[in-house]
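Printed here is upload.txt (compact mmCIF, C-alpha atoms and all ligand atoms):
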```txt
# COMPACT_ATOMS: atom_id res chain seq x y z
CA MET A 1 1.01 -7.48 -10.44
CA LYS A 2 2.09 -9.50 -7.42
CA ASP A 3 -0.13 -9.36 -4.34
CA LEU A 4 -2.92 -7.58 -6.20
CA ILE A 5 -6.52 -8.51 -5.47
CA VAL A 6 -9.53 -7.19 -7.35
CA ILE A 7 -12.71 -7.36 -5.29
CA LYS A 8 -16.00 -6.91 -7.08
CA CYS A 9 -18.78 -5.90 -4.71
CA GLY A 10 -22.20 -6.66 -6.14
CA GLY A 11 -25.07 -4.27 -5.62
CA SER A 12 -26.99 -7.21 -4.16
CA THR A 13 -24.76 -7.20 -1.09
CA LEU A 14 -23.33 -3.66 -0.86
CA ASP A 15 -25.67 -2.45 1.88
CA GLN A 16 -25.11 -5.59 3.94
CA LEU A 17 -21.32 -5.48 4.03
CA THR A 18 -20.23 -5.25 7.66
CA PRO A 19 -17.45 -3.15 9.20
CA SER A 20 -15.47 -6.40 9.52
CA PHE A 21 -15.47 -6.68 5.71
CA PHE A 22 -13.93 -3.22 5.43
CA ASN A 23 -11.52 -3.91 8.31
CA THR A 24 -10.29 -6.89 6.33
CA ILE A 25 -9.51 -4.62 3.41
CA THR A 26 -7.47 -2.45 5.77
CA ASP A 27 -5.68 -5.56 7.08
CA LEU A 28 -4.90 -6.61 3.53
CA VAL A 29 -3.46 -3.20 2.66
CA LYS A 30 -1.44 -3.09 5.90
CA SER A 31 -0.03 -6.54 5.14
CA GLY A 32 1.31 -5.21 1.83
CA LYS A 33 -1.43 -6.41 -0.50
CA LYS A 34 -2.85 -4.09 -3.11
CA VAL A 35 -6.62 -3.90 -3.39
CA ILE A 36 -8.88 -2.60 -6.13
CA ILE A 37 -12.63 -2.47 -5.57
CA VAL A 38 -15.02 -2.52 -8.51
CA HIS A 39 -18.66 -2.14 -7.59
CA GLY A 40 -22.09 -2.72 -9.05
CA GLY A 41 -25.38 -1.31 -7.86
CA GLY A 42 -28.12 -3.08 -9.81
CA PRO A 43 -30.78 -2.87 -7.04
CA HIS A 44 -29.91 0.80 -6.37
CA ILE A 45 -30.36 1.58 -10.06
CA ASN A 46 -33.69 -0.29 -10.09
CA GLN A 47 -34.92 1.76 -7.16
CA THR A 48 -34.04 5.07 -8.81
CA LEU A 49 -35.51 4.01 -12.16
CA ASN A 50 -38.75 3.09 -10.37
CA GLN A 51 -38.85 6.46 -8.68
CA LEU A 52 -38.32 8.15 -12.05
CA ASN A 53 -40.90 5.90 -13.72
CA ILE A 54 -38.34 4.72 -16.26
CA GLU A 55 -38.72 1.13 -17.41
CA SER A 56 -35.76 -1.14 -17.90
CA THR A 57 -35.37 -4.72 -18.99
CA PHE A 58 -32.54 -7.25 -18.89
CA VAL A 59 -31.23 -9.39 -21.71
CA ASN A 60 -28.98 -12.25 -20.51
CA GLY A 61 -28.21 -10.37 -17.31
CA LEU A 62 -27.41 -7.07 -19.08
CA ARG A 63 -29.61 -4.00 -18.63
CA LYS A 64 -30.98 -2.56 -21.85
CA THR A 65 -29.73 1.00 -21.57
CA THR A 66 -31.57 3.84 -23.29
CA LEU A 67 -30.28 7.41 -22.88
CA ASP A 68 -32.70 7.98 -19.98
CA VAL A 69 -31.57 4.79 -18.30
CA LEU A 70 -27.91 5.67 -18.85
CA GLN A 71 -28.32 9.02 -17.14
CA ALA A 72 -29.89 7.39 -14.10
CA VAL A 73 -27.30 4.58 -14.02
CA GLU A 74 -24.46 7.08 -14.14
CA MET A 75 -25.99 9.20 -11.39
CA VAL A 76 -26.52 6.22 -9.10
CA LEU A 77 -23.23 4.39 -9.72
CA CYS A 78 -20.78 7.30 -9.98
CA GLY A 79 -22.56 9.39 -7.36
CA LYS A 80 -24.46 7.64 -4.61
CA VAL A 81 -23.02 4.13 -4.60
CA ASN A 82 -19.39 5.01 -5.32
CA LYS A 83 -19.20 7.68 -2.65
CA ALA A 84 -20.96 5.49 -0.05
CA LEU A 85 -18.36 2.79 -0.63
CA VAL A 86 -15.44 5.23 -0.45
CA THR A 87 -16.82 6.40 2.89
CA LYS A 88 -17.05 2.86 4.27
CA VAL A 89 -13.50 1.98 3.23
CA GLN A 90 -12.23 5.19 4.83
CA LEU A 91 -14.15 4.58 8.06
CA ALA A 92 -12.01 1.46 8.35
CA ASP A 93 -8.89 3.65 8.20
CA THR A 94 -7.82 3.12 4.62
CA LEU A 95 -7.82 5.93 2.09
CA ALA A 96 -9.88 5.23 -1.00
CA VAL A 97 -10.22 7.12 -4.24
CA GLY A 98 -13.57 6.86 -5.99
CA LEU A 99 -13.57 7.07 -9.74
CA SER A 100 -15.38 5.68 -12.74
CA GLY A 101 -14.12 4.24 -15.97
CA LEU A 102 -14.51 7.74 -17.42
CA ASP A 103 -11.90 9.32 -15.18
CA GLY A 104 -8.32 9.43 -16.37
CA GLY A 105 -9.31 7.30 -19.36
CA LEU A 106 -9.53 4.38 -16.94
CA MET A 107 -11.83 2.21 -19.03
CA LYS A 108 -12.29 2.57 -22.78
CA VAL A 109 -15.24 0.62 -24.08
CA GLU A 110 -17.02 -0.44 -27.24
CA ALA A 111 -20.75 -0.98 -27.67
CA VAL A 112 -21.83 -4.57 -27.15
CA ASP A 113 -24.92 -4.54 -29.38
CA GLU A 114 -26.32 -1.04 -29.70
CA GLU A 115 -29.38 -2.17 -31.65
CA ASN A 116 -30.66 -4.50 -28.93
CA LEU A 117 -28.98 -3.28 -25.75
CA GLY A 118 -28.52 0.46 -26.32
CA PHE A 119 -25.65 2.07 -24.43
CA VAL A 120 -24.12 -1.07 -22.97
CA GLY A 121 -20.38 -1.28 -23.38
CA GLU A 122 -17.65 -3.82 -22.91
CA PRO A 123 -14.16 -2.81 -21.82
CA VAL A 124 -11.49 -2.82 -24.52
CA GLN A 125 -8.69 -0.88 -22.80
CA ILE A 126 -7.75 -0.14 -19.20
CA ASN A 127 -5.39 2.66 -18.12
CA THR A 128 -3.28 0.48 -15.85
CA ASP A 129 -0.69 3.26 -15.27
CA LEU A 130 -3.30 5.32 -13.46
CA ILE A 131 -4.34 2.35 -11.31
CA TYR A 132 -0.73 1.43 -10.47
CA GLN A 133 -0.02 5.03 -9.44
CA LEU A 134 -2.92 4.99 -7.00
CA LEU A 135 -1.88 1.60 -5.63
CA ASP A 136 1.71 2.81 -5.19
CA GLN A 137 0.34 5.56 -2.94
CA HIS A 138 -1.39 2.85 -0.82
CA LEU A 139 -4.77 4.12 -1.99
CA VAL A 140 -7.66 1.79 -2.77
CA PRO A 141 -9.26 2.64 -6.11
CA VAL A 142 -13.04 2.24 -5.90
CA ILE A 143 -14.28 1.98 -9.46
CA ALA A 144 -17.79 2.53 -10.88
CA PRO A 145 -18.40 0.62 -14.13
CA ILE A 146 -19.16 3.42 -16.59
CA GLY A 147 -16.86 3.67 -19.61
CA MET A 148 -16.27 5.90 -22.60
CA ASN A 149 -15.80 5.06 -26.26
CA GLU A 150 -13.43 6.71 -28.75
CA GLU A 151 -16.00 9.44 -29.51
CA GLY A 152 -16.54 10.30 -25.86
CA HIS A 153 -19.94 8.60 -25.54
CA HIS A 154 -20.67 7.05 -22.16
CA TYR A 155 -21.68 3.39 -21.75
CA ASN A 156 -23.10 1.30 -18.96
CA VAL A 157 -20.82 -1.66 -18.28
CA ASN A 158 -21.83 -4.71 -16.30
CA ALA A 159 -19.77 -4.52 -13.13
CA ASP A 160 -18.65 -8.15 -13.36
CA SER A 161 -17.22 -7.52 -16.84
CA ALA A 162 -15.53 -4.35 -15.65
CA ALA A 163 -13.94 -6.16 -12.69
CA ALA A 164 -12.71 -9.00 -14.88
CA ALA A 165 -11.24 -6.62 -17.47
CA ILE A 166 -9.48 -4.64 -14.73
CA ALA A 167 -8.16 -7.82 -13.09
CA ARG A 168 -6.84 -9.06 -16.42
CA ALA A 169 -5.27 -5.78 -17.46
CA THR A 170 -3.58 -5.17 -14.12
CA GLN A 171 -2.44 -8.81 -13.99
CA ALA A 172 -4.06 -9.26 -10.61
CA GLU A 173 -3.38 -12.50 -8.80
CA GLU A 174 -6.90 -12.90 -7.53
CA LEU A 175 -10.38 -11.84 -8.49
CA VAL A 176 -13.13 -12.16 -5.92
CA PHE A 177 -16.82 -11.65 -6.65
CA VAL A 178 -18.66 -10.71 -3.48
CA THR A 179 -22.38 -11.29 -3.92
CA ASP A 180 -25.58 -12.30 -2.07
CA VAL A 181 -25.27 -16.08 -2.44
CA ASP A 182 -22.61 -18.48 -1.15
CA GLY A 183 -21.35 -19.18 -4.67
CA ILE A 184 -22.74 -21.20 -7.55
CA LEU A 185 -25.55 -23.34 -6.19
CA LYS A 186 -27.01 -26.44 -7.77
CA ASN A 187 -30.24 -27.79 -6.27
CA GLY A 188 -29.49 -25.65 -3.24
CA ASP A 189 -26.00 -27.09 -2.68
CA LEU A 190 -22.81 -25.07 -3.01
CA ILE A 191 -20.47 -26.08 -5.83
CA GLU A 192 -17.09 -25.53 -4.19
CA SER A 193 -15.00 -25.70 -7.34
CA ALA A 194 -15.64 -25.82 -11.05
CA THR A 195 -13.59 -25.73 -14.21
CA CYS A 196 -14.54 -23.46 -17.09
CA GLU A 197 -15.96 -26.47 -18.97
CA GLU A 198 -18.15 -27.35 -16.01
CA VAL A 199 -19.37 -23.75 -15.77
CA ASP A 200 -20.32 -23.76 -19.48
CA GLN A 201 -22.34 -26.89 -18.79
CA LEU A 202 -24.05 -25.23 -15.80
CA ILE A 203 -25.13 -22.34 -18.03
CA GLU A 204 -26.32 -24.70 -20.73
CA GLU A 205 -28.46 -26.78 -18.38
CA GLY A 206 -29.97 -23.61 -16.83
CA THR A 207 -28.46 -24.05 -13.36
CA VAL A 208 -26.68 -20.72 -13.81
CA TYR A 209 -29.05 -17.98 -14.96
CA GLY A 210 -29.76 -14.23 -14.67
CA GLY A 211 -27.16 -12.13 -12.85
CA MET A 212 -24.93 -15.18 -12.32
CA ILE A 213 -24.32 -15.46 -16.08
CA PRO A 214 -22.23 -12.27 -16.53
CA LYS A 215 -20.39 -13.18 -13.33
CA VAL A 216 -19.23 -16.63 -14.44
CA LYS A 217 -18.54 -15.43 -17.99
CA ALA A 218 -16.40 -12.61 -16.61
CA ALA A 219 -14.66 -15.07 -14.29
CA MET A 220 -13.79 -17.36 -17.17
CA LYS A 221 -12.55 -14.50 -19.33
CA SER A 222 -10.22 -13.26 -16.61
CA LEU A 223 -8.75 -16.75 -16.25
CA THR A 224 -7.58 -16.70 -19.86
CA GLY A 225 -5.08 -14.05 -18.70
CA ASN A 226 -2.73 -14.06 -15.70
CA VAL A 227 -5.39 -14.15 -13.01
CA GLN A 228 -4.71 -17.27 -10.98
CA SER A 229 -7.82 -17.61 -8.98
CA VAL A 230 -11.45 -16.49 -9.16
CA THR A 231 -13.84 -16.98 -6.29
CA ILE A 232 -17.54 -16.18 -5.98
CA MET A 233 -18.49 -15.72 -2.35
CA ASN A 234 -21.15 -14.33 -0.03
CA GLY A 235 -20.66 -10.81 1.35
CA LYS A 236 -22.91 -11.62 4.28
CA SER A 237 -20.83 -14.48 5.59
CA ASP A 238 -18.77 -13.53 8.60
CA GLN A 239 -15.87 -15.76 7.70
CA SER A 240 -12.48 -14.23 8.17
CA LEU A 241 -12.06 -13.09 4.59
CA PHE A 242 -8.87 -13.62 2.67
CA ASN A 243 -6.96 -15.13 5.57
CA GLY A 244 -6.84 -18.51 4.00
CA ASP A 245 -8.90 -20.34 1.49
CA LEU A 246 -11.97 -18.38 0.57
CA ILE A 247 -15.26 -20.14 1.10
CA GLY A 248 -17.43 -20.06 -1.99
CA THR A 249 -17.11 -21.34 -5.52
CA LYS A 250 -13.61 -21.37 -6.92
CA ILE A 251 -13.46 -21.35 -10.71
CA SER A 252 -10.31 -22.67 -12.24
CA LYS A 253 -8.89 -22.92 -15.72
CA SER A 254 -9.80 -26.04 -17.61
CA LEU A 255 -7.51 -28.96 -16.86
CA SER A 256 -6.24 -28.87 -20.43
CA ASN A 257 -5.06 -25.25 -19.89
CA GLN A 258 -3.18 -25.96 -16.67
CA PRO A 259 0.60 -25.58 -16.89
CA VAL A 260 2.42 -28.92 -16.92
CA MET A 261 4.21 -29.39 -13.61
N1 LIG A 301 -26.64 -21.35 -9.97
C1 LIG A 301 -26.79 -20.23 -9.26
N2 LIG A 301 -26.31 -20.18 -7.99
C2 LIG A 301 -26.47 -19.07 -7.24
N3 LIG A 301 -27.09 -17.94 -7.66
C3 LIG A 301 -27.59 -17.93 -8.91
C4 LIG A 301 -27.45 -19.07 -9.77
N4 LIG A 301 -28.01 -18.76 -10.95
C5 LIG A 301 -28.49 -17.52 -10.84
N5 LIG A 301 -28.25 -17.02 -9.63
C6 LIG A 301 -28.69 -15.67 -9.21
O1 LIG A 301 -27.59 -14.79 -9.31
C7 LIG A 301 -27.73 -13.80 -8.28
C8 LIG A 301 -26.41 -13.05 -8.10
O2 LIG A 301 -26.24 -12.20 -9.21
P1 LIG A 301 -26.64 -10.66 -9.10
O3 LIG A 301 -28.01 -10.53 -8.53
O4 LIG A 301 -26.36 -10.02 -10.40
O5 LIG A 301 -25.65 -10.21 -7.96
P2 LIG A 301 -24.58 -9.04 -7.84
O6 LIG A 301 -25.38 -7.78 -7.63
O7 LIG A 301 -23.81 -9.43 -6.63
O8 LIG A 301 -23.74 -9.03 -9.08
C9 LIG A 301 -28.20 -14.63 -7.10
O9 LIG A 301 -28.82 -13.86 -6.11
C10 LIG A 301 -29.17 -15.61 -7.76
O10 LIG A 301 -30.48 -15.08 -7.80
C1 LIG A 302 -24.98 -3.33 -18.50
C2 LIG A 302 -25.44 -3.58 -17.11
O1 LIG A 302 -26.23 -4.48 -16.88
N1 LIG A 302 -24.93 -2.79 -16.17
C3 LIG A 302 -25.29 -2.89 -14.78
C4 LIG A 302 -24.28 -2.09 -13.96
C5 LIG A 302 -24.40 -2.32 -12.49
C6 LIG A 302 -24.08 -3.75 -12.10
O2 LIG A 302 -23.50 -4.53 -12.83
O3 LIG A 302 -24.49 -4.04 -10.82
P1 LIG A 302 -24.48 -5.46 -10.09
O4 LIG A 302 -23.07 -5.88 -9.95
O5 LIG A 302 -25.11 -5.14 -8.79
O6 LIG A 302 -25.29 -6.42 -10.92
C7 LIG A 302 -26.72 -2.39 -14.52
O7 LIG A 302 -27.16 -1.46 -15.18
O8 LIG A 302 -27.35 -2.93 -13.60
```
Re-express the file's structure as C-alpha cells.
Amino acid sequence: MKDLIVIKCGGSTLDQLTPSFFNTITDLVKSGKKVIIVHGGGPHINQTLNQLNIESTFVNGLRKTTLDVLQAVEMVLCGKVNKALVTKVQLADTLAVGLSGLDGGLMKVEAVDEENLGFVGEPVQINTDLIYQLLDQHLVPVIAPIGMNEEGHHYNVNADSAAAAIARATQAEELVFVTDVDGILKNGDLIESATCEEVDQLIEEGTVYGGMIPKVKAAMKSLTGNVQSVTIMNGKSDQSLFNGDLIGTKISKSLSNQPVM
C-alpha cells in the first residue's frame, strides 16, 4: 500500500521514546501517511518473569516459551505494554487502536520448533482487510505480537518477525525498526548501509548476535516482498524522524535482486 510505514518499537527503547517521537507519528498521519506500530517488550517480560520467579532462556534471540512463560508474555504484551503505547500515541492527538495478532484473526501462526522452543510461533497469514479498514479510518493500529494457530492455541511471536510479516502482507513501502542502538555496529562504528549478503556475513562472523539476529533476518525477509526500504535506528536519537533520510542502518536488497533500470 502506498504511503504505508510499519514502525516496530523494540522493548529496549519503548520507555525512552519521547513526546517528539509520538508527535512525528501524528505529523505523518496528518500528512496522509498510514502508520502501523508493532511493538515488542522483551525487558518488560523479563521483569515480570523475574517477579513471578519463572525462568526463561533464549535460543538465537527467541525466548523459549513454556505455558507459564506464554501466560506472562501475553499479559505483559497485550495488557501493559500495548495499552501504554496506545496512550502515548493518543496523547499526541492521534487515535490508536491496540490489538494483538489474536484479535480479528490478525495474525495466524505456526509453531517454529515446539520441541526446543515451546510456544513460539511464526506468522503465516495476516488479515490485511482488518488492518486496511483501521487505516482507512485514520486510526493507528498498535499491534502486540501474539498469534493463534489453526486450533486456537496462542503463540509468542518475536516482534521483529511480526513486524516484517505485517509489512510484507500489507505491502508497506517502509519498515523501520526502532531500537536502543544507532543501527548495526561493527567495532563500535555504525554501518550506514548493507545488502542482504553483507548482513549474512555479519551474522556469520559474529558481529551481529543476540536480539539483532531476529531483527536483521526479519528485515531481509520483508525485502523479498514489496517493502522498498528497511532501516534500523535508535529511538533515543532526537533527529527529526521520517522527514528525510533516516539515520541508522539501511538494509537493501542484494544488488543481484535490484530491478534493472
Ligand atoms: N552488530 C550489532 N550492532 C548493534 N547491536 C547489536 C549488534 N549485535 C547485537 N546487538 C544487540 O542487539 C540489541 C538490540 O536488539 P534487542 O535488544 O532485541 O532490541 P529490541 O528490544 O529493540 O528489539 C542491541 O542492544 C545490542 O545489544
Ligand atoms: C519469541 C520471542 O522471543 N518473543 C519475544 C516477544 C517480545 C519481543 O520480541 O520484544 P522485543 O522487540 O523487545 O525484543 C519475547 O518473548 O521476548
Test item: residues at most 8 Å from Leu102 of chain A, all atoms listed in the file, excluding those fewer than 2 positions along its chain, as an MDAnalysis selection string: chainID A and resid 99:100 104:108 146:148 154
Protein and nucleic acid residues near (-22.7, -26.5, -12.0) (cut-off 12 Å, only C-alpha atoms) as a ChimeraX atom specification: /A:183-209,212-213,216,249-251
Around all the atoms of ligand LIG 301 (chain A) listed in the file, with 6 Å of room on each side, what axis-aligned box do you get, giving centre and edge lengths in Å to one decimal, as AutoDock Vina command-line options?
```
--center_x -27.1 --center_y -14.6 --center_z -8.5 --size_x 18.7 --size_y 25.6 --size_z 16.8
```
Which residue of A:Gly101, A:Gly152, A:Gly79, A:Pro214 approaches ligand LIG 302 (chain A) most closely, using only C-alpha atoms and all ligand atoms: A:Pro214
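Here atom CA of Gln133 of chain A is placed at a distance of 26.5 Å from atom CA of Val76 of chain A.
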Interatomic distance (Å, one decimal) between atom CA of Cys78 of chain A and atom CA of Ser229 of chain A: 28.1 Å
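If all atoms listed in the file are the atoms counted, then among A:Thr24, A:Ser252, A:Asn226, A:Asn234 the closest residue to Ala169 of chain A is A:Asn226.
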Reconstructed N, CA and C atoms for segment 46-61 of chain A, given as a PDB file, in the frame of the given file:
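Saved file result-v5.pdb follows:
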```pdb
ATOM      1  N   ASN A  46     -32.262   0.067  -9.941  1.00  0.00           N
ATOM      2  CA  ASN A  46     -33.690  -0.290 -10.090  1.00  0.00           C
ATOM      3  C   ASN A  46     -34.572   0.645  -9.275  1.00  0.00           C
ATOM      4  N   GLN A  47     -34.128   0.907  -8.058  1.00  0.00           N
ATOM      5  CA  GLN A  47     -34.920   1.760  -7.160  1.00  0.00           C
ATOM      6  C   GLN A  47     -35.089   3.166  -7.763  1.00  0.00           C
ATOM      7  N   THR A  48     -33.981   3.716  -8.243  1.00  0.00           N
ATOM      8  CA  THR A  48     -34.040   5.070  -8.810  1.00  0.00           C
ATOM      9  C   THR A  48     -34.874   5.087 -10.097  1.00  0.00           C
ATOM     10  N   LEU A  49     -34.714   4.058 -10.928  1.00  0.00           N
ATOM     11  CA  LEU A  49     -35.510   4.010 -12.160  1.00  0.00           C
ATOM     12  C   LEU A  49     -36.994   3.926 -11.842  1.00  0.00           C
ATOM     13  N   ASN A  50     -37.335   3.160 -10.797  1.00  0.00           N
ATOM     14  CA  ASN A  50     -38.750   3.090 -10.370  1.00  0.00           C
ATOM     15  C   ASN A  50     -39.263   4.452  -9.949  1.00  0.00           C
ATOM     16  N   GLN A  51     -38.433   5.131  -9.154  1.00  0.00           N
ATOM     17  CA  GLN A  51     -38.850   6.460  -8.680  1.00  0.00           C
ATOM     18  C   GLN A  51     -39.064   7.421  -9.850  1.00  0.00           C
ATOM     19  N   LEU A  52     -38.236   7.247 -10.887  1.00  0.00           N
ATOM     20  CA  LEU A  52     -38.320   8.150 -12.050  1.00  0.00           C
ATOM     21  C   LEU A  52     -39.318   7.651 -13.098  1.00  0.00           C
ATOM     22  N   ASN A  53     -39.955   6.502 -12.776  1.00  0.00           N
ATOM     23  CA  ASN A  53     -40.900   5.900 -13.720  1.00  0.00           C
ATOM     24  C   ASN A  53     -40.256   5.575 -15.071  1.00  0.00           C
ATOM     25  N   ILE A  54     -39.019   5.116 -15.021  1.00  0.00           N
ATOM     26  CA  ILE A  54     -38.340   4.720 -16.260  1.00  0.00           C
ATOM     27  C   ILE A  54     -38.278   3.189 -16.260  1.00  0.00           C
ATOM     28  N   GLU A  55     -38.732   2.597 -17.342  1.00  0.00           N
ATOM     29  CA  GLU A  55     -38.720   1.130 -17.410  1.00  0.00           C
ATOM     30  C   GLU A  55     -37.367   0.629 -17.856  1.00  0.00           C
ATOM     31  N   SER A  56     -36.964  -0.535 -17.330  1.00  0.00           N
ATOM     32  CA  SER A  56     -35.760  -1.140 -17.900  1.00  0.00           C
ATOM     33  C   SER A  56     -35.893  -2.649 -17.894  1.00  0.00           C
ATOM     34  N   THR A  57     -35.278  -3.266 -18.882  1.00  0.00           N
ATOM     35  CA  THR A  57     -35.370  -4.720 -18.990  1.00  0.00           C
ATOM     36  C   THR A  57     -33.963  -5.292 -19.100  1.00  0.00           C
ATOM     37  N   PHE A  58     -33.839  -6.582 -18.826  1.00  0.00           N
ATOM     38  CA  PHE A  58     -32.540  -7.250 -18.890  1.00  0.00           C
ATOM     39  C   PHE A  58     -32.535  -8.289 -20.008  1.00  0.00           C
ATOM     40  N   VAL A  59     -31.419  -8.354 -20.697  1.00  0.00           N
ATOM     41  CA  VAL A  59     -31.230  -9.390 -21.710  1.00  0.00           C
ATOM     42  C   VAL A  59     -29.968 -10.153 -21.317  1.00  0.00           C
ATOM     43  N   ASN A  60     -30.118 -11.427 -20.973  1.00  0.00           N
ATOM     44  CA  ASN A  60     -28.980 -12.250 -20.510  1.00  0.00           C
ATOM     45  C   ASN A  60     -28.187 -11.577 -19.396  1.00  0.00           C
ATOM     46  N   GLY A  61     -28.884 -10.974 -18.461  1.00  0.00           N
ATOM     47  CA  GLY A  61     -28.210 -10.370 -17.310  1.00  0.00           C
ATOM     48  C   GLY A  61     -27.681  -8.970 -17.552  1.00  0.00           C
TER      49      GLY A  61
END
```
